[in-house]
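Shown here: coords_21.txt, compact mmCIF, C-alpha atoms.
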# COMPACT_ATOMS: atom_id res chain seq x y z
CA MET A 1 0.00 0.00 0.00
CA GLU A 2 2.27 2.68 -1.32
CA SER A 3 -0.07 5.65 -0.91
CA LEU A 4 -0.71 4.82 2.74
CA GLU A 5 3.01 4.37 3.45
CA LEU A 6 3.74 7.66 1.71
CA LEU A 7 1.12 9.41 3.83
CA ILE A 8 2.58 7.89 7.00
CA ALA A 9 6.06 9.07 5.95
CA ARG A 10 4.78 12.60 5.24
CA LEU A 11 2.97 12.84 8.57
CA ASN A 12 6.02 11.42 10.34
CA ARG A 13 8.01 14.45 9.13
CA LEU A 14 5.82 16.84 11.11
CA PRO A 15 7.14 18.00 14.49
CA GLY A 16 6.12 15.81 17.43
CA VAL A 17 4.61 13.15 15.17
CA GLY A 18 6.43 9.88 15.75
CA ILE A 19 5.98 6.81 13.59
CA LYS A 20 3.19 5.42 15.81
CA SER A 21 1.27 8.71 15.76
CA ALA A 22 1.80 8.99 12.00
CA GLN A 23 0.29 5.53 11.51
CA ARG A 24 -2.63 6.32 13.76
CA LEU A 25 -3.26 9.62 11.96
CA ALA A 26 -2.98 8.03 8.51
CA PHE A 27 -5.42 5.25 9.37
CA HIS A 28 -7.75 7.79 10.88
CA ILE A 29 -7.58 10.04 7.83
CA ILE A 30 -8.41 7.31 5.32
CA ALA A 31 -11.36 6.30 7.48
CA MET A 32 -12.65 9.90 7.66
CA PRO A 33 -15.65 10.97 5.52
CA GLU A 34 -14.61 12.32 2.13
CA GLU A 35 -15.77 15.87 2.99
CA ASP A 36 -13.72 15.98 6.18
CA VAL A 37 -10.61 14.94 4.28
CA SER A 38 -11.22 17.69 1.70
CA ALA A 39 -11.84 20.18 4.49
CA LEU A 40 -8.50 19.22 6.05
CA THR A 41 -6.47 19.50 2.84
CA GLU A 42 -8.23 22.76 1.94
CA ALA A 43 -7.52 24.20 5.39
CA ILE A 44 -3.84 23.34 4.89
CA THR A 45 -3.64 24.82 1.38
CA ASP A 46 -5.66 27.85 2.40
CA ALA A 47 -3.60 28.71 5.47
CA LYS A 48 -0.37 28.16 3.54
CA SER A 49 -1.43 30.47 0.70
CA LYS A 50 -3.11 33.21 2.75
CA VAL A 51 -0.91 33.56 5.80
CA HIS A 52 2.23 35.67 5.42
CA PHE A 53 4.50 37.76 7.61
CA CYS A 54 3.43 41.18 8.82
CA PRO A 55 5.93 43.58 7.18
CA VAL A 56 6.21 45.61 10.38
CA CYS A 57 6.59 43.10 13.18
CA GLY A 58 7.12 39.73 11.47
CA ASN A 59 4.02 38.18 13.05
CA TYR A 60 1.80 36.01 10.86
CA THR A 61 -1.17 37.69 9.24
CA GLU A 62 -3.72 37.27 6.47
CA ASN A 63 -4.08 41.00 5.98
CA GLU A 64 -1.63 43.74 5.07
CA LEU A 65 -0.68 44.30 8.71
CA CYS A 66 -1.13 41.86 11.58
CA GLU A 67 -3.94 42.36 14.09
CA VAL A 68 -1.65 43.89 16.69
CA CYS A 69 0.11 46.32 14.35
CA ALA A 70 -3.25 47.35 12.85
CA ASP A 71 -4.78 48.04 16.27
CA PRO A 72 -4.56 51.79 17.02
CA LYS A 73 -5.13 51.08 20.73
CA ARG A 74 -1.84 49.19 21.01
CA SER A 75 1.04 51.39 22.02
CA ALA A 76 4.04 51.58 19.71
CA GLU A 77 6.11 52.90 22.63
CA LEU A 78 6.42 49.42 24.12
CA ILE A 79 7.85 46.65 21.93
CA CYS A 80 7.97 43.04 23.06
CA VAL A 81 10.65 41.08 21.21
CA VAL A 82 9.90 37.36 20.71
CA GLU A 83 11.58 34.52 18.87
CA SER A 84 8.69 33.31 16.72
CA ALA A 85 5.20 34.22 15.61
CA ARG A 86 3.90 31.38 17.80
CA ASP A 87 5.23 33.25 20.82
CA VAL A 88 2.97 36.18 19.91
CA LEU A 89 0.03 33.79 20.20
CA PHE A 90 1.19 32.74 23.67
CA MET A 91 1.75 36.33 24.83
CA GLU A 92 -1.62 37.47 23.47
CA ARG A 93 -3.32 34.74 25.45
CA ILE A 94 -2.60 36.54 28.73
CA HIS A 95 -4.57 39.58 27.48
CA GLU A 96 -2.34 41.91 29.44
CA PHE A 97 0.27 43.23 27.12
CA ARG A 98 -0.88 46.42 25.40
CA GLY A 99 2.24 47.20 23.39
CA LYS A 100 3.38 45.83 20.03
CA TYR A 101 5.57 42.89 19.07
CA HIS A 102 8.70 42.28 17.11
CA VAL A 103 9.33 38.75 15.88
CA LEU A 104 13.02 37.92 15.45
CA GLY A 105 12.44 34.76 13.44
CA GLY A 106 14.82 32.72 15.57
CA VAL A 107 17.68 33.15 18.01
CA LEU A 108 21.40 33.64 17.62
CA SER A 109 22.94 30.23 17.13
CA PRO A 110 26.43 30.27 15.62
CA MET A 111 26.45 26.44 15.54
CA ASP A 112 23.48 26.50 13.15
CA GLY A 113 24.83 29.43 11.17
CA VAL A 114 22.32 31.90 12.60
CA GLY A 115 23.98 35.27 13.16
CA PRO A 116 22.42 38.73 13.69
CA ASP A 117 21.89 39.15 9.94
CA GLN A 118 19.63 36.11 9.82
CA LEU A 119 17.34 37.62 12.46
CA ARG A 120 15.12 40.70 12.17
CA ILE A 121 17.41 42.74 14.43
CA ALA A 122 18.17 45.60 12.03
CA GLU A 123 14.40 46.00 11.50
CA LEU A 124 13.94 46.18 15.27
CA LEU A 125 16.52 48.95 15.69
CA GLU A 126 14.98 50.90 12.83
CA ARG A 127 11.50 50.52 14.36
CA VAL A 128 12.70 51.56 17.82
CA GLU A 129 14.05 54.80 16.43
CA LYS A 130 11.24 55.50 13.95
CA ASP A 131 8.34 54.76 16.33
CA GLY A 132 9.99 56.48 19.28
CA ALA A 133 9.78 53.36 21.45
CA LYS A 134 10.27 53.97 25.17
CA GLU A 135 10.84 50.38 26.25
CA VAL A 136 11.84 47.12 24.63
CA ILE A 137 10.93 43.93 26.51
CA LEU A 138 13.12 40.99 25.53
CA ALA A 139 10.93 37.89 25.71
CA THR A 140 13.18 35.33 24.07
CA ASN A 141 13.11 31.93 25.78
CA PRO A 142 15.16 31.48 28.95
CA ASP A 143 17.62 29.02 27.37
CA VAL A 144 21.25 29.57 26.40
CA GLU A 145 20.52 30.93 22.94
CA GLY A 146 17.55 32.99 24.06
CA GLU A 147 19.66 34.61 26.80
CA ALA A 148 22.54 35.29 24.42
CA THR A 149 20.17 36.84 21.90
CA ALA A 150 18.55 39.00 24.58
CA ASN A 151 21.97 40.19 25.77
CA TYR A 152 23.10 40.94 22.23
CA ILE A 153 20.00 43.03 21.47
CA ALA A 154 20.16 44.81 24.85
CA ARG A 155 23.69 45.98 24.04
CA LEU A 156 22.47 47.47 20.73
CA ILE A 157 19.38 49.19 22.12
CA LYS A 158 20.67 50.68 25.40
CA PRO A 159 22.89 53.25 23.59
CA LEU A 160 19.73 54.57 21.89
CA GLY A 161 18.53 55.73 25.30
CA VAL A 162 15.65 53.27 25.31
CA ARG A 163 14.77 51.23 28.38
CA VAL A 164 15.45 47.52 27.89
CA SER A 165 13.90 44.87 30.10
CA ARG A 166 13.92 41.09 30.24
CA ILE A 167 10.95 38.90 31.18
CA ALA A 168 11.29 37.51 34.69
CA HIS A 169 12.45 33.97 35.27
CA GLY A 170 11.48 32.07 38.38
CA ILE A 171 9.42 29.33 39.83
CA PRO A 172 6.15 28.85 37.95
CA ILE A 173 2.95 29.64 39.87
CA GLY A 174 1.89 26.41 41.54
CA GLY A 175 5.37 25.05 41.05
CA ASN A 176 7.29 23.21 43.71
CA LEU A 177 10.91 23.89 44.68
CA GLU A 178 11.57 20.16 44.58
CA TYR A 179 10.75 19.85 40.88
CA VAL A 180 12.24 23.08 39.61
CA ASP A 181 15.62 22.84 37.86
CA GLU A 182 18.65 24.48 39.47
CA ILE A 183 19.00 27.29 36.94
CA THR A 184 15.38 28.37 37.45
CA LEU A 185 15.85 28.12 41.18
CA SER A 186 19.02 30.21 41.10
CA LYS A 187 17.22 32.77 38.90
CA SER A 188 14.37 32.89 41.41
CA ILE A 189 16.87 33.80 44.14
CA GLU A 190 18.70 36.29 41.95
CA ASN A 191 15.42 38.01 41.00
CA ARG A 192 13.97 37.94 44.52
CA ARG A 193 11.64 40.79 45.52
CA GLU A 194 11.41 42.46 48.87
CA MET A 195 8.14 41.74 50.66
CA MET B 1 -6.19 35.05 11.06
CA GLU B 2 -9.17 32.95 10.10
CA SER B 3 -7.41 30.47 7.84
CA LEU B 4 -4.81 29.67 10.49
CA GLU B 5 -7.45 29.24 13.17
CA LEU B 6 -9.45 27.00 10.87
CA LEU B 7 -6.38 24.88 10.19
CA ILE B 8 -5.68 24.61 13.93
CA ALA B 9 -9.31 23.55 14.51
CA ARG B 10 -9.11 20.93 11.76
CA LEU B 11 -5.85 19.49 13.06
CA ASN B 12 -7.24 19.53 16.60
CA ARG B 13 -9.96 17.10 15.46
CA LEU B 14 -7.41 14.41 14.62
CA PRO B 15 -6.86 11.69 17.24
CA GLY B 16 -4.13 12.45 19.75
CA VAL B 17 -3.73 16.03 18.51
CA GLY B 18 -4.49 18.41 21.37
CA ILE B 19 -4.83 22.14 20.95
CA LYS B 20 -1.11 22.78 21.65
CA SER B 21 -0.01 20.15 19.11
CA ALA B 22 -2.50 21.50 16.59
CA GLN B 23 -1.02 25.00 16.98
CA ARG B 24 2.51 23.68 16.67
CA LEU B 25 1.61 21.67 13.55
CA ALA B 26 -0.27 24.57 11.96
CA PHE B 27 2.61 27.01 12.49
CA HIS B 28 5.02 24.39 11.20
CA ILE B 29 2.90 23.74 8.10
CA ILE B 30 2.61 27.40 7.09
CA ALA B 31 6.38 27.73 7.49
CA MET B 32 7.07 24.66 5.33
CA PRO B 33 8.26 25.08 1.71
CA GLU B 34 5.38 25.24 -0.77
CA GLU B 35 6.33 21.90 -2.33
CA ASP B 36 6.32 20.07 1.00
CA VAL B 37 2.85 21.42 1.76
CA SER B 38 1.59 20.22 -1.64
CA ALA B 39 3.26 16.85 -1.07
CA LEU B 40 1.47 16.54 2.25
CA THR B 41 -1.99 17.44 0.92
CA GLU B 42 -1.46 15.20 -2.12
CA ALA B 43 -0.41 12.31 0.10
CA ILE B 44 -3.63 12.77 2.10
CA THR B 45 -5.88 13.00 -0.96
CA ASP B 46 -4.08 10.14 -2.67
CA ALA B 47 -4.25 7.74 0.26
CA LYS B 48 -7.91 8.62 0.85
CA SER B 49 -8.87 8.00 -2.79
CA LYS B 50 -6.75 4.88 -3.44
CA VAL B 51 -7.00 2.91 -0.23
CA HIS B 52 -10.11 0.80 0.25
CA PHE B 53 -11.13 -2.34 2.10
CA CYS B 54 -10.05 -5.77 0.86
CA PRO B 55 -13.36 -7.50 -0.02
CA VAL B 56 -12.11 -10.77 1.49
CA CYS B 57 -10.58 -9.85 4.84
CA GLY B 58 -11.48 -6.22 5.41
CA ASN B 59 -7.85 -5.09 5.57
CA TYR B 60 -6.88 -1.88 3.77
CA THR B 61 -5.50 -2.22 0.26
CA GLU B 62 -4.82 -0.26 -2.89
CA ASN B 63 -5.31 -3.29 -5.11
CA GLU B 64 -8.22 -5.67 -5.69
CA LEU B 65 -7.13 -7.89 -2.81
CA CYS B 66 -4.87 -6.96 0.09
CA GLU B 67 -1.25 -8.11 0.15
CA VAL B 68 -1.97 -10.94 2.56
CA CYS B 69 -5.01 -12.30 0.75
CA ALA B 70 -3.19 -12.04 -2.59
CA ASP B 71 -0.15 -13.95 -1.28
CA PRO B 72 -0.44 -17.64 -2.31
CA LYS B 73 2.13 -18.59 0.34
CA ARG B 74 -0.19 -17.52 3.15
CA SER B 75 -2.34 -20.33 4.46
CA ALA B 76 -6.12 -19.87 4.35
CA GLU B 77 -6.44 -22.63 6.95
CA LEU B 78 -5.40 -20.28 9.73
CA ILE B 79 -7.38 -17.06 10.18
CA CYS B 80 -6.38 -14.39 12.66
CA VAL B 81 -9.34 -12.21 13.67
CA VAL B 82 -8.48 -8.61 14.57
CA GLU B 83 -10.48 -5.50 15.43
CA SER B 84 -9.07 -3.08 12.88
CA ALA B 85 -6.91 -2.88 9.79
CA ARG B 86 -4.26 -1.18 11.91
CA ASP B 87 -3.97 -4.36 13.96
CA VAL B 88 -2.99 -6.22 10.77
CA LEU B 89 -0.07 -3.83 10.47
CA PHE B 90 1.01 -4.59 14.04
CA MET B 91 0.69 -8.35 13.57
CA GLU B 92 2.57 -8.27 10.27
CA ARG B 93 5.44 -6.51 11.97
CA ILE B 94 6.35 -9.63 13.91
CA HIS B 95 6.93 -11.50 10.60
CA GLU B 96 5.78 -14.74 12.17
CA PHE B 97 2.17 -15.25 11.33
CA ARG B 98 1.76 -17.14 8.05
CA GLY B 99 -2.04 -17.40 7.94
CA LYS B 100 -4.60 -14.84 6.81
CA TYR B 101 -6.54 -12.13 8.61
CA HIS B 102 -10.10 -11.16 9.16
CA VAL B 103 -10.81 -7.59 10.20
CA LEU B 104 -14.00 -7.18 12.25
CA GLY B 105 -14.17 -3.42 11.90
CA GLY B 106 -14.70 -2.92 15.62
CA VAL B 107 -15.82 -4.83 18.70
CA LEU B 108 -19.20 -5.61 20.22
CA SER B 109 -20.25 -2.60 22.24
CA PRO B 110 -23.98 -2.46 23.04
CA MET B 111 -23.52 0.96 24.69
CA ASP B 112 -22.32 2.37 21.36
CA GLY B 113 -24.94 0.48 19.37
CA VAL B 114 -22.40 -1.96 17.92
CA GLY B 115 -23.95 -5.44 17.70
CA PRO B 116 -22.85 -8.50 15.70
CA ASP B 117 -24.48 -7.13 12.54
CA GLN B 118 -22.27 -4.06 12.61
CA LEU B 119 -19.14 -6.23 12.57
CA ARG B 120 -17.89 -8.50 9.80
CA ILE B 121 -18.83 -11.64 11.73
CA ALA B 122 -21.16 -13.19 9.14
CA GLU B 123 -18.39 -12.79 6.56
CA LEU B 124 -16.00 -14.56 8.92
CA LEU B 125 -18.28 -17.56 9.36
CA GLU B 126 -18.80 -17.78 5.62
CA ARG B 127 -15.06 -17.65 5.01
CA VAL B 128 -14.30 -20.25 7.66
CA GLU B 129 -16.62 -22.70 5.93
CA LYS B 130 -15.72 -21.83 2.33
CA ASP B 131 -11.94 -21.81 2.82
CA GLY B 132 -11.93 -24.88 5.06
CA ALA B 133 -10.16 -23.05 7.89
CA LYS B 134 -8.64 -25.33 10.54
CA GLU B 135 -8.03 -22.72 13.21
CA VAL B 136 -9.29 -19.25 14.04
CA ILE B 137 -7.09 -17.14 16.32
CA LEU B 138 -9.03 -14.42 18.12
CA ALA B 139 -6.70 -11.47 18.45
CA THR B 140 -9.09 -8.77 19.65
CA ASN B 141 -7.65 -6.53 22.35
CA PRO B 142 -7.57 -7.82 25.92
CA ASP B 143 -10.13 -5.31 27.23
CA VAL B 144 -13.75 -5.90 28.25
CA GLU B 145 -15.21 -5.43 24.77
CA GLY B 146 -12.41 -7.35 23.05
CA GLU B 147 -12.90 -10.31 25.40
CA ALA B 148 -16.68 -10.26 24.97
CA THR B 149 -16.28 -10.16 21.19
CA ALA B 150 -13.79 -13.03 21.26
CA ASN B 151 -16.13 -15.10 23.43
CA TYR B 152 -19.08 -14.36 21.17
CA ILE B 153 -17.22 -15.40 18.03
CA ALA B 154 -15.77 -18.50 19.72
CA ARG B 155 -19.29 -19.69 20.52
CA LEU B 156 -20.28 -19.37 16.86
CA ILE B 157 -17.21 -21.04 15.42
CA LYS B 158 -16.69 -23.99 17.73
CA PRO B 159 -19.87 -25.79 16.52
CA LEU B 160 -18.35 -25.76 13.01
CA GLY B 161 -15.67 -28.13 14.26
CA VAL B 162 -12.93 -25.53 13.82
CA ARG B 163 -10.27 -24.97 16.45
CA VAL B 164 -10.60 -21.56 18.14
CA SER B 165 -7.75 -19.98 20.07
CA ARG B 166 -7.15 -16.69 21.86
CA ILE B 167 -3.88 -14.77 21.91
CA ALA B 168 -2.03 -15.17 25.21
CA HIS B 169 -2.22 -12.43 27.82
CA GLY B 170 0.50 -12.01 30.37
CA ILE B 171 3.39 -9.92 31.51
CA PRO B 172 5.16 -8.18 28.62
CA ILE B 173 8.73 -9.26 27.92
CA GLY B 174 10.96 -6.95 29.91
CA GLY B 175 7.99 -6.07 32.11
CA ASN B 176 8.09 -5.89 35.86
CA LEU B 177 5.53 -7.44 38.22
CA GLU B 178 5.44 -4.21 40.16
CA TYR B 179 4.16 -2.20 37.23
CA VAL B 180 1.77 -4.71 35.70
CA ASP B 181 -1.94 -4.21 36.42
CA GLU B 182 -3.78 -6.85 38.45
CA ILE B 183 -5.83 -8.24 35.57
CA THR B 184 -2.72 -8.90 33.49
CA LEU B 185 -1.03 -10.41 36.50
CA SER B 186 -3.97 -12.68 37.23
CA LYS B 187 -4.04 -13.69 33.53
CA SER B 188 -0.34 -14.48 33.72
CA ILE B 189 -1.02 -16.88 36.60
CA GLU B 190 -4.07 -18.35 34.91
CA ASN B 191 -2.12 -18.98 31.68
CA ARG B 192 1.03 -20.26 33.44
CA ARG B 193 3.12 -22.85 31.59
CA GLU B 194 4.94 -25.79 33.12
CA MET B 195 8.71 -25.43 32.92

Target format structure tokens, applied to this file:
Amino acid sequence: MESLELLIARLNRLPGVGIKSAQRLAFHIIAMPEEDVSALTEAITDAKSKVHFCPVCGNYTENELCEVCADPKRSAELICVVESARDVLFMERIHEFRGKYHVLGGVLSPMDGVGPDQLRIAELLERVEKDGAKEVILATNPDVEGEATANYIARLIKPLGVRVSRIAHGIPIGGNLEYVDEITLSKSIENRREM
Amino acid sequence: MESLELLIARLNRLPGVGIKSAQRLAFHIIAMPEEDVSALTEAITDAKSKVHFCPVCGNYTENELCEVCADPKRSAELICVVESARDVLFMERIHEFRGKYHVLGGVLSPMDGVGPDQLRIAELLERVEKDGAKEVILATNPDVEGEATANYIARLIKPLGVRVSRIAHGIPIGGNLEYVDEITLSKSIENRREM
């Protein structure tokens, strides 16, 4: 059954889809009603063709500008820098941040050949100056590359007289000291707040 | 971003794909090269249109008969009864079984409205008689419905003078008594073999 094996192989290439999941998905798909299969393939084709990067912030959008950049109520004085467009989705879910975003499109990773020129750093600097940003929040992930990228960008932005901040690291709400890794724990001590 | 949300919703409907996985897959798909996206949708459409049920055993196939039924080296005297076509794939992976299969298309489940007429049981009985089967192995899953289905089929086949067997249940190879559930453990005592 070549076509089934090919489908399994294609699904297996997707992130987080192991061979067992790929088999399960493939068998499920061929057992799905015809119209649901068409709806799935159309949703894929449609999203792929319609969604593109927002020219301002690098977030995904179907329109000229992304929802955040197009929203006049969002302040351009506060820019939150994230690694990927998915991170925007996560940040937006907290419904608290009222500034704008800037998607880097990755993190500095010399091992993988990703230097500053491969990221949207020049665009960020240009935006900071043009929009008169007052603060840049660096919300790259708290791993080695995310930290290095945040430090790199901080060094470029501080001379512009703009406030630069980093998201706080610490013990997650509901977390337990016993199960928190040492780096997080040490960060939670380092970033302690007076009560 | 309607098209992206629609894609996430569609992916979220697939088995084992939670909302987080659906988001991850959707963002991955729209970032994939155009040709990989087409290859994925074509693989889905292709498998859906080409794969159908083998009229003899109920396994999936792209040809008139499935690979097992079409193989003259496989004995029709031994029929292994499984719940789904996926189970055939699992059984075939052990490269040991040289008989044929019969896919029931489910298990007896009165709560879900699945009675004997919803399963390919009549076809099994017909085949057993027509092909002169000598043994029927009942390889439904070792859960309540799988056991009930196996018992039901055994009662129908035994009067035909055909040997009926059930796959062995017990402690998995490499398993540990501590982590095996009580039913499996009790089965492993019940099915003990003299050494």

Which residues, written as a list in words, have at least one atom at most 12 Å from Glu129 of chain A, with all atoms listed in the file counted and residues fewer than 4 positions away on the same chain left out?
Ala76, Glu77, Ile79, Ala122, Glu123, Leu124, Leu125, Ala133, Lys134, Glu135, Val136, Leu156, Ile157, Lys158, Pro159, Leu160, Gly161 and Val162 of chain A

Kindly determine which residues of chain B lie within 9 Å of chain A, considering all atoms listed in the file, and give the answer as a PyMOL selection string.
chain B and resi 1-8+10-11+14-16+21+23-32+34+36-52+60-63+66-67+85-86

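Atom CA of Met111 of chain A is found 25.3 Å from atom CA of Ile167 of chain A.
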
Centre and edges of the segment 104-107 of chain A box, axis-aligned, 4 Å extra per side, as lines of an AutoDock Vina configuration file:
center_x = 15.1
center_y = 35.3
center_z = 15.7
size_x = 13.2
size_y = 13.2
size_z = 12.6

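Atom CA of Tyr101 of chain A is found 9.9 Å from atom CA of Ala139 of chain A.
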
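We find atom CA of Pro142 of chain B and atom CA of Asn59 of chain B to be spaced 20.5 Å apart.
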
Nearest to Asn151 of chain A among A:Leu108, A:Val114, A:Cys69, A:Leu177, with distances taken over all atoms listed in the file: which residue is it?
A:Leu108

Set the distance at 9 Å and use all atoms listed in the file: which residues neighbour Val107 of chain A once local chain neighbours fewer than 4 positions away are removed? I'd like the list as a PyMOL selection string.
chain A and resi 83+114-116+118-119+140+145-146+148-150

So that I can check the surroundings of Ile171 of chain A, please list as a PDB file with C-alpha atoms, keeping the file's coordinate frame every protein, DNA and RNA residue that reaches within 10 Å of it, counting all atoms listed in the file and ignoring chain neighbours fewer than 3 positions away.
ATOM      1  CA  ALA A 168      11.290  37.510  34.690  1.00  0.00           C
ATOM      2  CA  GLY A 174       1.890  26.410  41.540  1.00  0.00           C
ATOM      3  CA  GLY A 175       5.370  25.050  41.050  1.00  0.00           C
ATOM      4  CA  ASN A 176       7.290  23.210  43.710  1.00  0.00           C
ATOM      5  CA  LEU A 177      10.910  23.890  44.680  1.00  0.00           C
ATOM      6  CA  TYR A 179      10.750  19.850  40.880  1.00  0.00           C
ATOM      7  CA  VAL A 180      12.240  23.080  39.610  1.00  0.00           C
ATOM      8  CA  ASP A 181      15.620  22.840  37.860  1.00  0.00           C
ATOM      9  CA  THR A 184      15.380  28.370  37.450  1.00  0.00           C
ATOM     10  CA  LEU A 185      15.850  28.120  41.180  1.00  0.00           C
ATOM     11  CA  SER A 186      19.020  30.210  41.100  1.00  0.00           C
ATOM     12  CA  LYS A 187      17.220  32.770  38.900  1.00  0.00           C
ATOM     13  CA  SER A 188      14.370  32.890  41.410  1.00  0.00           C
ATOM     14  CA  ILE A 189      16.870  33.800  44.140  1.00  0.00           C
TER      15      ILE A 189
END

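Compared by their closest atoms to Val81 of chain A, and using only C-alpha atoms, the residues A:Glu35, A:Asp143, A:Arg93, A:Ser165 rank with A:Ser165 nearest.
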